[in-house]
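Novice: File my_file.pdb below, PDB, C-alpha atoms:
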```pdb
MODEL        1
ATOM      1  CA  MET A   1      10.861  -8.805  40.685
ATOM      2  CA  THR A   2       9.607  -5.801  38.719
ATOM      3  CA  GLU A   3       8.422  -6.656  35.222
ATOM      4  CA  THR A   4      10.179  -4.712  32.453
ATOM      5  CA  LEU A   5       7.694  -3.082  30.111
ATOM      6  CA  HIS A   6       7.992  -3.474  26.377
ATOM      7  CA  ARG A   7       9.573  -0.441  24.730
ATOM      8  CA  LEU A   8       6.357   0.324  22.821
ATOM      9  CA  ALA A   9       4.121   0.271  25.888
ATOM     10  CA  GLY A  10       2.403   3.601  26.459
ATOM     11  CA  ARG A  11       3.497   5.141  23.147
ATOM     12  CA  ASP A  12       0.912   6.973  21.051
ATOM     13  CA  ILE A  13      -0.408   5.164  18.004
ATOM     14  CA  VAL A  14      -2.633   6.781  15.384
ATOM     15  CA  LYS A  15      -5.453   4.930  13.616
ATOM     16  CA  MET A  16      -6.385   6.382  10.213
ATOM     17  CA  ASN A  17      -7.795   5.244   6.912
ATOM     18  CA  GLY A  18      -7.134   6.209   3.326
ATOM     19  CA  ALA A  19     -10.180   5.528   1.136
ATOM     20  CA  GLY A  20     -11.035   2.740   3.582
ATOM     21  CA  ASN A  21      -7.545   1.221   3.722
ATOM     22  CA  GLU A  22      -7.014   0.705   7.489
ATOM     23  CA  ILE A  23      -3.731   2.308   8.554
ATOM     24  CA  LEU A  24      -1.765   2.598  11.800
ATOM     25  CA  VAL A  25       0.896   5.302  12.126
ATOM     26  CA  LEU A  26       3.567   4.711  14.762
ATOM     27  CA  ASP A  27       6.079   7.515  15.249
ATOM     28  CA  LEU A  28       9.421   6.096  16.417
ATOM     29  CA  ARG A  29      11.549   9.100  15.530
ATOM     30  CA  GLY A  30      14.051   9.635  18.317
ATOM     31  CA  ALA A  31      13.103   6.353  20.005
ATOM     32  CA  ASN A  32      16.199   4.391  18.963
ATOM     33  CA  TYR A  33      13.978   1.342  18.462
ATOM     34  CA  ALA A  34      13.262  -0.639  15.296
ATOM     35  CA  LEU A  35       9.855  -2.261  15.076
ATOM     36  CA  THR A  36       9.990  -6.046  14.611
ATOM     37  CA  PRO A  37       7.660  -8.332  12.635
ATOM     38  CA  SER A  38       6.561  -9.803  15.976
ATOM     39  CA  ASP A  39       5.635  -6.311  17.191
ATOM     40  CA  ALA A  40       3.631  -5.720  14.027
ATOM     41  CA  ARG A  41       1.687  -8.976  14.439
ATOM     42  CA  ALA A  42       0.972  -8.207  18.101
ATOM     43  CA  LEU A  43      -0.414  -4.778  17.231
ATOM     44  CA  ALA A  44      -2.543  -6.264  14.430
ATOM     45  CA  ALA A  45      -4.111  -8.673  16.917
ATOM     46  CA  ALA A  46      -4.790  -6.006  19.571
ATOM     47  CA  PRO A  47      -8.466  -5.043  20.096
ATOM     48  CA  GLY A  48      -9.317  -1.958  18.044
ATOM     49  CA  LEU A  49      -5.943  -1.757  16.315
ATOM     50  CA  GLY A  50      -6.492  -4.128  13.397
ATOM     51  CA  TYR A  51      -4.948  -2.706  10.256
ATOM     52  CA  ASP A  52      -4.096  -3.385   6.631
ATOM     53  CA  GLN A  53      -0.724  -1.609   6.856
ATOM     54  CA  LEU A  54       1.303  -0.203   9.730
ATOM     55  CA  MET A  55       3.503   2.780   8.889
ATOM     56  CA  ALA A  56       6.478   2.979  11.275
ATOM     57  CA  LEU A  57       8.307   6.313  11.169
ATOM     58  CA  GLY A  58      12.014   6.478  11.859
ATOM     59  CA  ASP A  59      14.550   9.273  11.877
ATOM     60  CA  PRO A  60      15.291  10.839   8.473
ATOM     61  CA  GLN A  61      18.511   9.619   6.899
ATOM     62  CA  GLU A  62      19.135  12.428   4.408
ATOM     63  CA  PRO A  63      18.752  16.221   4.501
ATOM     64  CA  GLY A  64      15.343  17.386   3.307
ATOM     65  CA  GLU A  65      13.510  14.243   4.426
ATOM     66  CA  ASP A  66      10.821  14.355   7.107
ATOM     67  CA  ALA A  67      11.047  10.694   8.135
ATOM     68  CA  PHE A  68      12.091   7.220   7.020
ATOM     69  CA  MET A  69       8.998   5.068   6.599
ATOM     70  CA  THR A  70       8.909   1.293   7.065
ATOM     71  CA  ILE A  71       5.690  -0.463   6.052
ATOM     72  CA  TYR A  72       4.350  -3.657   7.637
ATOM     73  CA  ASN A  73       1.464  -5.851   6.536
ATOM     74  CA  ARG A  74      -0.722  -7.321   9.256
ATOM     75  CA  ASP A  75       1.102 -10.672   9.041
ATOM     76  CA  GLY A  76       4.373  -8.926   9.951
ATOM     77  CA  SER A  77       5.787  -9.013   6.430
ATOM     78  CA  LEU A  78       7.297  -5.900   4.895
ATOM     79  CA  SER A  79       5.908  -3.888   2.003
ATOM     80  CA  ALA A  80       7.996  -1.416   0.041
ATOM     81  CA  SER A  81       5.043   0.790  -0.860
ATOM     82  CA  CYS A  82       1.570   1.774   0.359
ATOM     83  CA  GLY A  83       0.009   4.816  -1.274
ATOM     84  CA  ASN A  84      -2.984   5.143   1.054
ATOM     85  CA  GLY A  85      -0.760   4.783   4.099
ATOM     86  CA  THR A  86       1.666   7.341   2.697
ATOM     87  CA  ARG A  87      -1.138   9.899   2.466
ATOM     88  CA  CYS A  88      -2.043   9.165   6.098
ATOM     89  CA  VAL A  89       1.557   9.686   7.192
ATOM     90  CA  ALA A  90       1.705  12.923   5.229
ATOM     91  CA  HIS A  91      -1.388  14.187   7.041
ATOM     92  CA  TYR A  92       0.095  13.205  10.407
ATOM     93  CA  LEU A  93       3.329  15.090   9.695
ATOM     94  CA  ALA A  94       1.711  18.073   7.963
ATOM     95  CA  GLU A  95      -0.529  18.617  10.984
ATOM     96  CA  GLN A  96       2.615  18.877  13.111
ATOM     97  CA  THR A  97       4.616  21.165  10.850
ATOM     98  CA  GLY A  98       2.032  23.019   8.761
ATOM     99  CA  ALA A  99       4.037  22.171   5.636
ATOM    100  CA  ALA A 100       2.267  21.838   2.279
ATOM    101  CA  THR A 101       4.784  19.222   1.067
ATOM    102  CA  VAL A 102       6.090  16.163   2.912
ATOM    103  CA  ARG A 103       9.125  14.123   1.832
ATOM    104  CA  LEU A 104       9.374  10.527   2.969
ATOM    105  CA  ALA A 105      12.133   7.984   2.422
ATOM    106  CA  THR A 106      11.348   4.275   2.012
ATOM    107  CA  SER A 107      13.221   1.154   1.009
ATOM    108  CA  ALA A 108      11.862   1.743  -2.526
ATOM    109  CA  GLY A 109      13.027   5.359  -2.710
ATOM    110  CA  ARG A 110      11.805   8.841  -1.808
ATOM    111  CA  LEU A 111       8.131   9.827  -1.973
ATOM    112  CA  VAL A 112       6.946  13.427  -2.243
ATOM    113  CA  VAL A 113       3.433  14.183  -1.002
ATOM    114  CA  ARG A 114       1.507  17.385  -1.720
ATOM    115  CA  ARG A 115      -1.372  18.616   0.393
ATOM    116  CA  ASP A 116      -4.356  19.567  -1.810
ATOM    117  CA  GLY A 117      -6.873  20.265   0.956
ATOM    118  CA  PRO A 118      -7.512  19.639   4.660
ATOM    119  CA  LEU A 119      -7.997  15.894   4.083
ATOM    120  CA  SER A 120      -6.748  15.409   0.518
ATOM    121  CA  PHE A 121      -3.198  14.587  -0.581
ATOM    122  CA  THR A 122      -1.377  13.724  -3.804
ATOM    123  CA  VAL A 123       1.518  11.260  -3.730
ATOM    124  CA  ASP A 124       4.173  10.992  -6.418
ATOM    125  CA  MET A 125       4.414   7.193  -6.520
ATOM    126  CA  GLY A 126       7.331   7.111  -8.966
ATOM    127  CA  ARG A 127       7.702   5.190 -12.204
ATOM    128  CA  PRO A 128       6.028   1.814 -12.780
ATOM    129  CA  ARG A 129       8.308  -1.155 -13.317
ATOM    130  CA  LEU A 130       7.260  -3.345 -16.200
ATOM    131  CA  ASP A 131      10.251  -5.604 -16.847
ATOM    132  CA  TRP A 132       9.796  -9.150 -15.527
ATOM    133  CA  ARG A 133      12.996  -8.878 -13.458
ATOM    134  CA  GLU A 134      11.816  -5.720 -11.707
ATOM    135  CA  ILE A 135       8.277  -6.855 -10.878
ATOM    136  CA  PRO A 136       9.689  -9.531 -10.135
ATOM    137  CA  LEU A 137       8.562 -12.710 -11.891
ATOM    138  CA  ALA A 138      10.273 -16.056 -11.476
ATOM    139  CA  HIS A 139      11.184 -16.228 -15.162
ATOM    140  CA  ALA A 140      10.945 -14.284 -18.403
ATOM    141  CA  VAL A 141       7.568 -13.957 -20.139
ATOM    142  CA  ALA A 142       6.769 -12.773 -23.642
ATOM    143  CA  ASP A 143       4.677  -9.825 -22.421
ATOM    144  CA  THR A 144       4.256  -8.729 -18.793
ATOM    145  CA  GLY A 145       1.018  -7.054 -19.913
ATOM    146  CA  ALA A 146      -0.558 -10.436 -20.779
ATOM    147  CA  VAL A 147       0.498 -13.299 -18.503
ATOM    148  CA  ASP A 148      -1.873 -16.258 -18.703
ATOM    149  CA  LEU A 149      -1.923 -18.185 -15.414
ATOM    150  CA  GLY A 150      -4.755 -20.458 -16.575
ATOM    151  CA  LEU A 151      -6.609 -20.214 -13.269
ATOM    152  CA  PHE A 152     -10.267 -19.693 -12.284
ATOM    153  CA  GLY A 153     -11.311 -18.761 -15.817
ATOM    154  CA  LEU A 154      -9.492 -15.449 -15.508
ATOM    155  CA  PRO A 155      -8.083 -13.594 -18.519
ATOM    156  CA  PRO A 156      -4.317 -13.016 -18.754
ATOM    157  CA  ALA A 157      -2.901 -10.822 -15.998
ATOM    158  CA  SER A 158      -1.128  -7.535 -16.492
ATOM    159  CA  CYS A 159       1.865  -7.512 -14.132
ATOM    160  CA  VAL A 160       3.211  -4.222 -12.781
ATOM    161  CA  SER A 161       5.388  -3.163  -9.864
ATOM    162  CA  MET A 162       4.716   0.094  -8.047
ATOM    163  CA  GLY A 163       7.447  -0.745  -5.523
ATOM    164  CA  ASN A 164       5.465  -3.915  -4.785
ATOM    165  CA  PRO A 165       4.236  -6.519  -7.295
ATOM    166  CA  HIS A 166       0.710  -6.524  -8.756
ATOM    167  CA  ALA A 167      -1.263  -8.821 -11.015
ATOM    168  CA  ILE A 168      -4.312  -7.102 -12.531
ATOM    169  CA  PHE A 169      -7.094  -9.028 -14.242
ATOM    170  CA  PHE A 170      -9.506  -7.007 -16.406
ATOM    171  CA  VAL A 171     -12.903  -8.708 -16.195
ATOM    172  CA  ALA A 172     -16.400  -7.860 -17.444
ATOM    173  CA  GLU A 173     -17.998  -8.429 -14.020
ATOM    174  CA  ALA A 174     -15.801  -8.566 -10.935
ATOM    175  CA  GLU A 175     -18.653  -9.919  -8.783
ATOM    176  CA  LYS A 176     -18.668 -13.157 -10.775
ATOM    177  CA  PHE A 177     -15.303 -14.083  -9.239
ATOM    178  CA  ASP A 178     -14.710 -15.069  -5.616
ATOM    179  CA  LEU A 179     -11.689 -12.958  -4.688
ATOM    180  CA  ALA A 180     -11.419 -14.624  -1.270
ATOM    181  CA  THR A 181     -10.712 -17.918  -3.079
ATOM    182  CA  ILE A 182      -8.701 -16.531  -5.979
ATOM    183  CA  GLY A 183      -6.542 -14.122  -3.961
ATOM    184  CA  PRO A 184      -4.486 -16.448  -1.768
ATOM    185  CA  VAL A 185      -3.848 -18.930  -4.594
ATOM    186  CA  ILE A 186      -2.466 -16.301  -6.953
ATOM    187  CA  GLU A 187      -0.660 -14.439  -4.147
ATOM    188  CA  HIS A 188       1.420 -17.567  -3.563
ATOM    189  CA  HIS A 189       1.721 -18.681  -7.213
ATOM    190  CA  PRO A 190       5.296 -19.791  -8.019
ATOM    191  CA  LEU A 191       5.538 -17.185 -10.794
ATOM    192  CA  PHE A 192       5.737 -14.520  -8.057
ATOM    193  CA  PRO A 193       8.802 -15.076  -5.855
ATOM    194  CA  GLU A 194       7.890 -12.139  -3.576
ATOM    195  CA  ARG A 195       4.170 -12.998  -3.663
ATOM    196  CA  VAL A 196       1.782 -10.611  -5.410
ATOM    197  CA  ASN A 197      -1.186  -8.299  -4.905
ATOM    198  CA  VAL A 198      -4.201  -9.500  -6.882
ATOM    199  CA  SER A 199      -6.735  -7.127  -8.461
ATOM    200  CA  LEU A 200      -9.978  -7.641 -10.362
ATOM    201  CA  ALA A 201     -10.603  -4.561 -12.492
ATOM    202  CA  GLN A 202     -13.841  -3.708 -14.254
ATOM    203  CA  VAL A 203     -13.555  -0.848 -16.761
ATOM    204  CA  ARG A 204     -16.671   1.357 -16.789
ATOM    205  CA  SER A 205     -15.327   3.933 -19.252
ATOM    206  CA  ILE A 206     -11.968   5.147 -20.520
ATOM    207  CA  ASP A 207     -11.649   7.354 -17.437
ATOM    208  CA  HIS A 208     -13.209   5.124 -14.757
ATOM    209  CA  ALA A 209     -12.610   1.615 -13.444
ATOM    210  CA  ARG A 210     -13.887  -0.342 -10.432
ATOM    211  CA  LEU A 211     -11.399  -2.413  -8.467
ATOM    212  CA  LYS A 212     -11.403  -5.220  -5.908
ATOM    213  CA  VAL A 213      -8.065  -6.074  -4.306
ATOM    214  CA  TRP A 214      -6.486  -8.953  -2.427
ATOM    215  CA  GLU A 215      -3.329  -7.599  -0.756
ATOM    216  CA  ARG A 216      -0.395  -9.895  -0.099
ATOM    217  CA  GLY A 217       0.066 -10.274   3.634
ATOM    218  CA  ALA A 218      -3.239  -8.537   4.409
ATOM    219  CA  GLY A 219      -6.032 -10.227   2.440
ATOM    220  CA  GLN A 220      -9.097  -8.633   0.901
ATOM    221  CA  THR A 221      -9.088  -4.902   1.570
ATOM    222  CA  LEU A 222     -11.335  -1.896   1.097
ATOM    223  CA  ALA A 223      -8.615   0.009  -0.737
ATOM    224  CA  CYS A 224      -5.067  -0.306  -2.033
ATOM    225  CA  GLY A 225      -3.355   2.750  -3.487
ATOM    226  CA  THR A 226      -0.551   0.940  -5.275
ATOM    227  CA  ALA A 227      -3.111  -1.443  -6.827
ATOM    228  CA  ALA A 228      -5.046   1.556  -8.140
ATOM    229  CA  CYS A 229      -1.822   2.939  -9.643
ATOM    230  CA  ALA A 230      -0.881  -0.417 -11.152
ATOM    231  CA  THR A 231      -4.385  -0.803 -12.603
ATOM    232  CA  LEU A 232      -4.238   2.583 -14.299
ATOM    233  CA  VAL A 233      -0.854   1.705 -15.817
ATOM    234  CA  ALA A 234      -2.111  -1.701 -16.931
ATOM    235  CA  GLY A 235      -5.251  -0.140 -18.400
ATOM    236  CA  VAL A 236      -3.259   2.417 -20.382
ATOM    237  CA  ARG A 237      -0.959  -0.308 -21.714
ATOM    238  CA  ALA A 238      -3.992  -2.304 -22.844
ATOM    239  CA  GLY A 239      -5.721   0.704 -24.424
ATOM    240  CA  LEU A 240      -8.574   0.507 -21.910
ATOM    241  CA  LEU A 241      -7.990   3.654 -19.819
ATOM    242  CA  ARG A 242      -6.748   7.200 -20.258
ATOM    243  CA  ARG A 243      -3.622   8.337 -18.443
ATOM    244  CA  ARG A 244      -5.799  10.094 -15.864
ATOM    245  CA  ALA A 245      -8.749   8.134 -14.500
ATOM    246  CA  LYS A 246     -10.850   7.539 -11.413
ATOM    247  CA  ILE A 247     -10.323   4.176  -9.759
ATOM    248  CA  SER A 248     -13.215   3.210  -7.482
ATOM    249  CA  LEU A 249     -12.530   0.796  -4.636
ATOM    250  CA  PRO A 250     -15.000  -0.464  -2.013
ATOM    251  CA  GLY A 251     -13.668   2.131   0.454
ATOM    252  CA  GLY A 252     -13.718   5.139  -1.868
ATOM    253  CA  ASP A 253     -12.329   6.736  -5.019
ATOM    254  CA  LEU A 254      -8.764   7.576  -6.027
ATOM    255  CA  VAL A 255      -7.662   9.664  -8.986
ATOM    256  CA  ILE A 256      -4.571   8.266 -10.712
ATOM    257  CA  HIS A 257      -2.470  10.093 -13.304
ATOM    258  CA  TRP A 258       0.348   8.378 -15.215
ATOM    259  CA  ARG A 259       2.240  11.396 -16.493
ATOM    260  CA  GLU A 260       3.401  11.063 -20.079
ATOM    261  CA  GLY A 261       6.281  13.526 -19.818
ATOM    262  CA  ASP A 262       8.283  11.825 -17.082
ATOM    263  CA  ASN A 263       6.536   8.427 -16.760
ATOM    264  CA  ARG A 264       5.711   9.009 -13.070
ATOM    265  CA  VAL A 265       2.423   8.057 -11.433
ATOM    266  CA  GLU A 266       0.504  10.422  -9.144
ATOM    267  CA  MET A 267      -2.261   9.321  -6.790
ATOM    268  CA  THR A 268      -4.779  11.732  -5.245
ATOM    269  CA  GLY A 269      -7.161  10.710  -2.503
ATOM    270  CA  PRO A 270      -8.593  11.325   0.954
ATOM    271  CA  VAL A 271      -7.447  10.560   4.482
ATOM    272  CA  GLU A 272      -9.460  10.225   7.696
ATOM    273  CA  LEU A 273      -8.258  10.325  11.293
ATOM    274  CA  GLU A 274     -10.106   7.737  13.391
ATOM    275  CA  PHE A 275      -8.416   8.020  16.806
ATOM    276  CA  VAL A 276      -5.191   8.348  18.753
ATOM    277  CA  ALA A 277      -4.525   5.792  21.503
ATOM    278  CA  GLN A 278      -1.728   4.670  23.801
ATOM    279  CA  ILE A 279      -0.333   1.198  23.255
ATOM    280  CA  ASP A 280      -1.534  -1.120  26.009
ATOM    281  CA  PRO A 281       1.335  -3.005  27.711
ATOM    282  CA  ALA A 282      -0.913  -6.089  27.838
ATOM    283  CA  ILE A 283      -0.498  -6.463  24.061
ATOM    284  CA  PHE A 284       3.028  -7.714  24.722
ATOM    285  CA  SER A 285       2.371  -9.501  28.027
ATOM    286  CA  ASP A 286       3.273 -12.932  26.634
ATOM    287  CA  ARG A 287       6.578 -11.738  25.187
ATOM    288  CA  ALA A 288       9.850 -10.808  26.762
ATOM    289  CA  ALA A 289      10.593  -7.096  26.626
ATOM    290  CA  PRO A 290      13.279  -6.282  24.032
TER     291      PRO A 290
ENDMDL
END
```
Could I get this file's structure written as structure tokens?
Specialist:
Amino acid sequence: MTETLHRLAGRDIVKMNGAGNEILVLDLRGANYALTPSDARALAAAPGLGYDQLMALGDPQEPGEDAFMTIYNRDGSLSASCGNGTRCVAHYLAEQTGAATVRLATSAGRLVVRRDGPLSFTVDMGRPRLDWREIPLAHAVADTGAVDLGLFGLPPASCVSMGNPHAIFFVAEAEKFDLATIGPVIEHHPLFPERVNVSLAQVRSIDHARLKVWERGAGQTLACGTAACATLVAGVRAGLLRRRAKISLPGGDLVIHWREGDNRVEMTGPVELEFVAQIDPAIFSDRAAP
């Protein structure tokens, strides 16, 4: 009997990074196939394909859109937003079309990306969500900018959603805290019904902060664009940062601007193409073909 290959076998997959955030781009436009959480976990476990987020591109659903983007964490869970991955997708599409602007639809809404240079892009990440229901939190709190969890000697968290939930802790020295221990506990804290991304932010000046991030569903990461956006918003709310500031992550720097006129957040940063490969059928050898 001839074995039926998995539908993804042999398809091109693109490995990129955005400020160190490891990204896979999988173009499924025209394929009539929806990636599954099991597919995402199998790709994450494949040699050389480990990622923080996988950006699966589907056919556009509205006129003027270039693609519909579905975002997976390495554990197969979904994320509504990934700024670094969005820049990588924009580069992938802009290289095909030559366009200076890319429009992407997601479950959290439309994202517009502007090309600033050969490997630099700016993403309009939309408006931050600051109400406890929108973040979301499990119950009302007096101030989403100061939520005291009483854990690990951390100060109160500033909670922000940039399409996904974030808890930012402003600390004097981030290295004094073990993020690998802190991250999973807070990620799964009952206050956060959809789990949460955890950031330790160290303000160096009113226009510069350093950031270490534990991403829900991915763990400690070199970069997280939405965390950088959420940190800038939290810093402005607390009077610690200007509306435009550099956010330095272990993988590189991002420039974040929370526009005063329309309340939208822009993120500017680099992308890097690592390689293009074909998906090995052996990745799915222990699973029935869909």
Novice: If we count all atoms listed in the file, what is near stretch 241-248 of chain A at a cut-off of 10 Å, once residues fewer than 5 positions away on the same chain are taken out, given as an NGL selection string?
Specialist: :A and (19 or 201-212 or 223 or 225 or 227-229 or 231-236 or 253-260 or 265-268)
Novice: For the selection just defined, write its residues with C-alpha atoms to a file, as a compact mmCIF listing (two decimals), in the coordinates of the input.
Specialist:
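As a result, out.txt now contains:
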```txt
# COMPACT_ATOMS: atom_id res chain seq x y z
CA ALA A 19 -10.18 5.53 1.14
CA ALA A 201 -10.60 -4.56 -12.49
CA GLN A 202 -13.84 -3.71 -14.25
CA VAL A 203 -13.56 -0.85 -16.76
CA ARG A 204 -16.67 1.36 -16.79
CA SER A 205 -15.33 3.93 -19.25
CA ILE A 206 -11.97 5.15 -20.52
CA ASP A 207 -11.65 7.35 -17.44
CA HIS A 208 -13.21 5.12 -14.76
CA ALA A 209 -12.61 1.62 -13.44
CA ARG A 210 -13.89 -0.34 -10.43
CA LEU A 211 -11.40 -2.41 -8.47
CA LYS A 212 -11.40 -5.22 -5.91
CA ALA A 223 -8.62 0.01 -0.74
CA GLY A 225 -3.36 2.75 -3.49
CA ALA A 227 -3.11 -1.44 -6.83
CA ALA A 228 -5.05 1.56 -8.14
CA CYS A 229 -1.82 2.94 -9.64
CA THR A 231 -4.38 -0.80 -12.60
CA LEU A 232 -4.24 2.58 -14.30
CA VAL A 233 -0.85 1.70 -15.82
CA ALA A 234 -2.11 -1.70 -16.93
CA GLY A 235 -5.25 -0.14 -18.40
CA VAL A 236 -3.26 2.42 -20.38
CA ASP A 253 -12.33 6.74 -5.02
CA LEU A 254 -8.76 7.58 -6.03
CA VAL A 255 -7.66 9.66 -8.99
CA ILE A 256 -4.57 8.27 -10.71
CA HIS A 257 -2.47 10.09 -13.30
CA TRP A 258 0.35 8.38 -15.22
CA ARG A 259 2.24 11.40 -16.49
CA GLU A 260 3.40 11.06 -20.08
CA VAL A 265 2.42 8.06 -11.43
CA GLU A 266 0.50 10.42 -9.14
CA MET A 267 -2.26 9.32 -6.79
CA THR A 268 -4.78 11.73 -5.24
```
Novice: For the file shown, what are the residues hit by the PyMOL selection byres ((chain A and resi 80-84) around 7), laid out as an mmCIF file with C-alpha atoms, in the frame of the given file?
Specialist:
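Writing the result to selection_25.cif gives the following:
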```
data_model
loop_
_atom_site.group_PDB
_atom_site.id
_atom_site.type_symbol
_atom_site.label_atom_id
_atom_site.label_comp_id
_atom_site.auth_asym_id
_atom_site.auth_seq_id
_atom_site.Cartn_x
_atom_site.Cartn_y
_atom_site.Cartn_z
ATOM 1 C CA GLY A 18 -7.134 6.209 3.326
ATOM 2 C CA ASN A 21 -7.545 1.221 3.722
ATOM 3 C CA ILE A 71 5.690 -0.463 6.052
ATOM 4 C CA LEU A 78 7.297 -5.900 4.895
ATOM 5 C CA SER A 79 5.908 -3.888 2.003
ATOM 6 C CA GLY A 85 -0.760 4.783 4.099
ATOM 7 C CA THR A 86 1.666 7.341 2.697
ATOM 8 C CA ARG A 87 -1.138 9.899 2.466
ATOM 9 C CA CYS A 88 -2.043 9.165 6.098
ATOM 10 C CA THR A 106 11.348 4.275 2.012
ATOM 11 C CA SER A 107 13.221 1.154 1.009
ATOM 12 C CA ALA A 108 11.862 1.743 -2.526
ATOM 13 C CA GLY A 163 7.447 -0.745 -5.523
ATOM 14 C CA ASN A 164 5.465 -3.915 -4.785
ATOM 15 C CA CYS A 224 -5.067 -0.306 -2.033
ATOM 16 C CA GLY A 225 -3.355 2.750 -3.487
ATOM 17 C CA THR A 226 -0.551 0.940 -5.275
#
```
Novice: Atom CA of A:Leu57 to atom CA of A:Asn73: how many Å, to one decimal?
Specialist: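 Rounded to one decimal, the two atoms are 14.7 Å apart.
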Novice: Have a look at A:Arg133, A:Ala230, A:Thr181, A:Asn263 and name the one nearest to A:Phe169; count only C-alpha atoms.
Specialist: A:Ala230
Novice: So what do you get for atom CA of A:Pro156 versus atom CA of A:Ala218, distance-wise?
Specialist: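 Distance between the two atoms: 23.6 Å.
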Novice: Could you jot down the atom CA of A:Gly153 to atom CA of A:Gly183 separation for me, Å, one decimal place?
Specialist: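 Between these atoms lies a distance of 13.6 Å.
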Novice: Using all atoms of stretch 90-97 of chain A that appear in the file, construct an axis-aligned enclosing box with 3 Å of padding on every side and provide its centre coordinates and edge lengths in Å, rounded to one decimal, as AutoDock Vina command-line options.
Specialist:
```
--center_x 1.6 --center_y 17.0 --center_z 9.2 --size_x 12.0 --size_y 14.2 --size_z 13.9
```
Novice: Taking all atoms listed in the file into account, name the residue in A:Ala238, A:Ala99, A:Ala56, A:Leu104 that is nearest to A:Leu24.
Specialist: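 Comparing A:Ala238, A:Ala99, A:Ala56, A:Leu104 against A:Leu24, the winner is A:Ala56.
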Novice: Of the candidates A:Glu175, A:Glu134, A:Glu215, A:Asp124, which shows the shortest atom-to-atom distance to A:Glu187, using all atoms listed in the file?
Specialist: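 Of all the options, A:Glu215 lies closest to A:Glu187.
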Novice: So what does the PyMOL selection byres ((chain A and resi 147) around 8) actually pick up in this one, as a list in words?
Specialist: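 Going through the file, the PyMOL selection byres ((chain A and resi 147) around 8) ends up selecting Val141, Asp143, Thr144, Gly145, Ala146, Asp148, Leu149, Pro156, Ala157, Ser158 and Cys159 of chain A.
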Novice: Kindly indicate which residue among A:Asp280, A:Asp262, A:Asp27, A:Glu274 lies nearest to A:Arg127, using all atoms listed in the file for the distances.
Specialist: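 When distances to A:Arg127 are compared using all atoms listed in the file, the smallest one comes from A:Asp262.
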Novice: Please expand the PyMOL selection byres ((chain A and resi 130) around 7) into the concrete residues it hits in this file, giving the result as number ranges by chain.
Specialist: A: 128-129, 131-132, 134-135, 144, 160-161
Novice: How would the residues just chosen look if you wrote them out with C-alpha atoms as a short mmCIF file (atom, residue, chain, number, x, y, z; two decimals), in the frame of the given file?
Specialist:
```
data_model
loop_
_atom_site.label_atom_id
_atom_site.label_comp_id
_atom_site.auth_asym_id
_atom_site.auth_seq_id
_atom_site.Cartn_x
_atom_site.Cartn_y
_atom_site.Cartn_z
CA PRO A 128 6.03 1.81 -12.78
CA ARG A 129 8.31 -1.16 -13.32
CA ASP A 131 10.25 -5.60 -16.85
CA TRP A 132 9.80 -9.15 -15.53
CA GLU A 134 11.82 -5.72 -11.71
CA ILE A 135 8.28 -6.86 -10.88
CA THR A 144 4.26 -8.73 -18.79
CA VAL A 160 3.21 -4.22 -12.78
CA SER A 161 5.39 -3.16 -9.86
#
```
Novice: Would you mind telling me which residue in A:Ser77, A:Gln61, A:Gln53, A:Asn197 lies nearest to A:Ser38 when using only C-alpha atoms?
Specialist: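 With only C-alpha atoms as the atom set, the closest residue is A:Ser77.
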Novice: Please list as number ranges by chain every residue within 7 Å of A:Leu222, counting all atoms listed in the file and excluding residues in the same chain fewer than 4 positions away.
Specialist: A: 20-21, 249-251
Novice: Given the choices A:Gly239, A:Pro60, A:Pro281, A:Gly50, which gets closest to A:Arg74 if the distance is worked out from all atoms listed in the file?
Specialist: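 Closest candidate: A:Gly50.
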Novice: Which residues, written as a VMD selection string, have at least one atom at most 9 Å from A:Ile186, with only C-alpha atoms counted and residues fewer than 2 positions away on the same chain left out?
Specialist: chain A and resid 149 151 167 182 to 184 188 to 192 195 to 198
